[in-house]
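Working notes, beginning with the structure itself.
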Amino acid sequence: MHKLKGSRILLIGGAGFIGSHIVDQLIQEEPAEIRVLDNLVRGKEANLAKAMRSGKVTLIEGSLTDMHTLRSALRGVDYVFHLAALWLGECVSNPRSAVEVNVVGTYNVVEACRDAGVKRVVYSSSASVYGNALTIPMTEEHPFNNRTFYGATKVAGEQFFRSFYDMHKLPYVGLRYMNVYGPRMDYKGTYVSVIMKVLDKIEAGQRPVIHGDGSQAYDFVHVEDVARCNILALKAQVSDEFFNVGKGTKTTINELVQKLLKLTGSSLQPEYHAQEHIFVTHRLGSTEKAENLIGFKATKELDEGLKSVVEWRRIDQAAVAERRAA
Ligand SMILES: NC(=O)c1ccc[n+]([C@@H]2O[C@H](COP(=O)([O-])OP(=O)(O)OC[C@H]3O[C@@H](n4cnc5c(N)ncnc54)[C@H](O)[C@@H]3O)[C@@H](O)[C@H]2O)c1
């Protein structure tokens with residue numbers, strides 16, 4: 001078991017949604033220092049505000065595409081979480097940037113971590129590598145049925161870690177997240193999740209839109225569980241393995257929308273639109289391997305988790321309005 005007490009930890013992309021929750025939970029592990037390298041294209045300093053009050057967290061504003069910045073952020077670091085990536089939609093609209101950040105950037109991370117003698121890296125991959133499920137639940141042996149450019153960049157990243165492990169023994173584990181949700185998820189940008197799109201509509205008093213018949217089903221896992229999984233993966237002995245990170249429960253879009261309507265006390269009925277291009281319509285991961293090898297089991301139930309999103313969103317919106325008025 002790796003001991004984090006007294007260690008130096010770097011989170012690349014740590015000001016984002018998942019990374020900032022890892023930072024919050026890491027403080028309890030009593031590391032000597034937590035560094036966050038983030039260029040804030042999507043992450044926010046505000047996500048780290050609470051953790052920064054511990055006096056242990058430093059934000060370095062910069063990009064993993066800049067080797068000099070990356071190497072200096074890694075100086076004296078024991079452990080690394082690599083979370084920085086461009087999102088699914090950005091990979092469609094700007095594939096070259098996606099290659100620069102997700103592919104070359106990840107190569108920069110493996111090379112710089114090897115050179116810095118980092119003890120262990122946790123790499124944020126994605127269940128996107130599996131594409132549409134051929135069998136359910138998907139085990140980690142499920143073929144790479146991916147057909148998206150984003151998934152392609154994650155497959156490339158995984159392969160860099162695998163090959164560097166063989167060539168240079170850089171210890172790592174890779175995590176393939178299912179659909180992560182929770183407080184601090186983006187609700188203002190161009191690429192927001194279905195949960196936020198539905199809440200936007202409800203808030204505007206309009207009927208939430210479901211594309212297709214709503215039978216598309218996903219495995220929603222709460223961000224606090226995902227952060228806990230990252231820390232367990234860092235502390236574990238096992239290396240050179242990939243793990244699904246999910247709740248292991250299938251929820252259809254119809255069910256999700258009904259839950260959100262109930263939670264917000266709305267009497268609106270969803271509106272069905274013809275199916276646009278949907279990347280993946282079926283996703284459910286087996287949770288066995290993560291349970292057996294790193295002792296991770298997601299515990300937050302969807303109803304409770306969605307409640308945390310609705311409450312956080314209200315508080316965040318009020319804070320934004322207050323800042324605007326000031
Ligand atoms: N949220 C999900 O449902 C989900 C699912 C599967 C995989 N993932 C993966 O998990 C990781 C974290 O996801 P997230 O939801 O927290 O996303 P996020 O966008 O909130 O976090 C990514 C962070 O990386 C930063 N970043 C982007 N480009 C950078 C660069 N060039 N240099 C430095 N920092 C940069 C962003 O500013 C952001 O803070 C990503 O790799 C993502 O692909 C997320």
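Chain labels run A, B, ... following the order of the structure tokens; each chain numbers its residues from 1, and ligands are numbered from 1 in the order shown.
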Surrounding residues as a PyMOL selection string, ligand 1, max 6 Å, only C-alpha atoms and all ligand atoms: chain A and resi 13-19+37-43+62-65+83-87+101+124-126+177-180
Residue set, stretch 161-307 of chain A restricted to helix (DSSP H, G or I), as a ChimeraX atom specification: /A:161-168,194-203,223-235,253-263,288-294,302-307
Can I get the selection written as a PDB file, in the first residue's frame, with C-alpha atoms?
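So selection_21.pdb came out as:
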ATOM      1  CA  PHE A 161       1.174   3.861 -20.359  1.00  0.00           C
ATOM      2  CA  ARG A 162       1.241   0.135 -21.178  1.00  0.00           C
ATOM      3  CA  SER A 163       4.276   0.389 -23.416  1.00  0.00           C
ATOM      4  CA  PHE A 164       6.151   2.697 -21.031  1.00  0.00           C
ATOM      5  CA  TYR A 165       5.506   0.198 -18.265  1.00  0.00           C
ATOM      6  CA  ASP A 166       7.204  -2.506 -20.317  1.00  0.00           C
ATOM      7  CA  MET A 167      10.048  -0.286 -21.474  1.00  0.00           C
ATOM      8  CA  HIS A 168      10.718   1.738 -18.323  1.00  0.00           C
ATOM      9  CA  VAL A 194     -27.716  15.504 -20.355  1.00  0.00           C
ATOM     10  CA  ILE A 195     -28.409  16.059 -16.639  1.00  0.00           C
ATOM     11  CA  MET A 196     -27.660  19.769 -16.973  1.00  0.00           C
ATOM     12  CA  LYS A 197     -29.582  20.110 -20.255  1.00  0.00           C
ATOM     13  CA  VAL A 198     -32.661  18.646 -18.585  1.00  0.00           C
ATOM     14  CA  LEU A 199     -32.270  20.932 -15.546  1.00  0.00           C
ATOM     15  CA  ASP A 200     -31.883  23.955 -17.866  1.00  0.00           C
ATOM     16  CA  LYS A 201     -35.216  23.160 -19.494  1.00  0.00           C
ATOM     17  CA  ILE A 202     -37.015  22.527 -16.199  1.00  0.00           C
ATOM     18  CA  GLU A 203     -35.680  25.800 -14.834  1.00  0.00           C
ATOM     19  CA  VAL A 223     -17.968  12.231  -8.621  1.00  0.00           C
ATOM     20  CA  GLU A 224     -17.225  11.667  -4.913  1.00  0.00           C
ATOM     21  CA  ASP A 225     -17.102   7.925  -5.563  1.00  0.00           C
ATOM     22  CA  VAL A 226     -14.870   8.536  -8.588  1.00  0.00           C
ATOM     23  CA  ALA A 227     -12.487  10.698  -6.528  1.00  0.00           C
ATOM     24  CA  ARG A 228     -12.337   8.018  -3.822  1.00  0.00           C
ATOM     25  CA  CYS A 229     -11.578   5.428  -6.500  1.00  0.00           C
ATOM     26  CA  ASN A 230      -8.682   7.546  -7.794  1.00  0.00           C
ATOM     27  CA  ILE A 231      -7.125   7.671  -4.339  1.00  0.00           C
ATOM     28  CA  LEU A 232      -7.612   3.925  -3.789  1.00  0.00           C
ATOM     29  CA  ALA A 233      -6.004   3.301  -7.172  1.00  0.00           C
ATOM     30  CA  LEU A 234      -3.030   5.448  -6.225  1.00  0.00           C
ATOM     31  CA  LYS A 235      -2.538   3.676  -2.909  1.00  0.00           C
ATOM     32  CA  ILE A 253     -32.627   8.492 -20.143  1.00  0.00           C
ATOM     33  CA  ASN A 254     -36.388   8.150 -19.523  1.00  0.00           C
ATOM     34  CA  GLU A 255     -35.698   7.118 -15.923  1.00  0.00           C
ATOM     35  CA  LEU A 256     -33.142   9.880 -15.455  1.00  0.00           C
ATOM     36  CA  VAL A 257     -35.516  12.589 -16.704  1.00  0.00           C
ATOM     37  CA  GLN A 258     -38.335  11.306 -14.486  1.00  0.00           C
ATOM     38  CA  LYS A 259     -36.019  11.409 -11.454  1.00  0.00           C
ATOM     39  CA  LEU A 260     -35.000  14.998 -12.226  1.00  0.00           C
ATOM     40  CA  LEU A 261     -38.606  16.098 -12.717  1.00  0.00           C
ATOM     41  CA  LYS A 262     -39.565  14.533  -9.385  1.00  0.00           C
ATOM     42  CA  LEU A 263     -36.573  16.027  -7.571  1.00  0.00           C
ATOM     43  CA  GLU A 288     -15.870  -6.641 -10.166  1.00  0.00           C
ATOM     44  CA  LYS A 289     -12.248  -6.002 -11.102  1.00  0.00           C
ATOM     45  CA  ALA A 290     -12.068  -2.646  -9.275  1.00  0.00           C
ATOM     46  CA  GLU A 291     -13.742  -4.236  -6.270  1.00  0.00           C
ATOM     47  CA  ASN A 292     -11.332  -7.173  -6.176  1.00  0.00           C
ATOM     48  CA  LEU A 293      -8.035  -5.444  -6.970  1.00  0.00           C
ATOM     49  CA  ILE A 294      -8.355  -1.933  -5.557  1.00  0.00           C
ATOM     50  CA  LEU A 302     -28.500   7.989  -8.037  1.00  0.00           C
ATOM     51  CA  ASP A 303     -31.423   9.705  -6.238  1.00  0.00           C
ATOM     52  CA  GLU A 304     -29.158  11.042  -3.516  1.00  0.00           C
ATOM     53  CA  GLY A 305     -26.470  11.955  -6.059  1.00  0.00           C
ATOM     54  CA  LEU A 306     -28.862  13.867  -8.320  1.00  0.00           C
ATOM     55  CA  LYS A 307     -30.122  15.738  -5.275  1.00  0.00           C
TER      56      LYS A 307
END
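The coordinates place atom CA of A:Ser239 at 11.0 Å from atom CA of A:Lys119.
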Between atom CA of A:Asn47 and atom CA of A:Ala326, distance in Å (one decimal): 20.5 Å
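Atom pair atom CA of A:Asp316 / atom CA of A:Lys188: separated by 11.2 Å.
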Nearby residues (only C-alpha atoms) at most 7 Å from stretch 241-243 of chain A, same-chain spacing under 6 positions excluded, as a ChimeraX atom specification: /A:140,173-176,289-290
Using only C-alpha atoms: which of A:Leu268, A:Val121, A:Ala98, A:Val109 has the shortest distance to A:Ala204: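 Looking at the shortest contact to A:Ala204, the residue is A:Leu268.
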From A:Lys169, A:Glu271, A:Arg114, A:Val36, residue lying nearest A:Gln206 [only C-alpha atoms]: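 Of A:Lys169, A:Glu271, A:Arg114, A:Val36, the one nearest A:Gln206, counting only C-alpha atoms, is A:Glu271.
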Near-A:Ala49 list (10 Å; only C-alpha atoms; drop same-chain fewer than 6 positions) as a PyMOL selection string: chain A and resi 15+20+24+57
Within 12 Å of A:Leu134 using only C-alpha atoms, minus same-chain residues under 6 positions, as JSON, numbers by chain: {"A": [141, 142, 143, 144, 145, 146, 280, 281, 282, 283, 284, 285]}
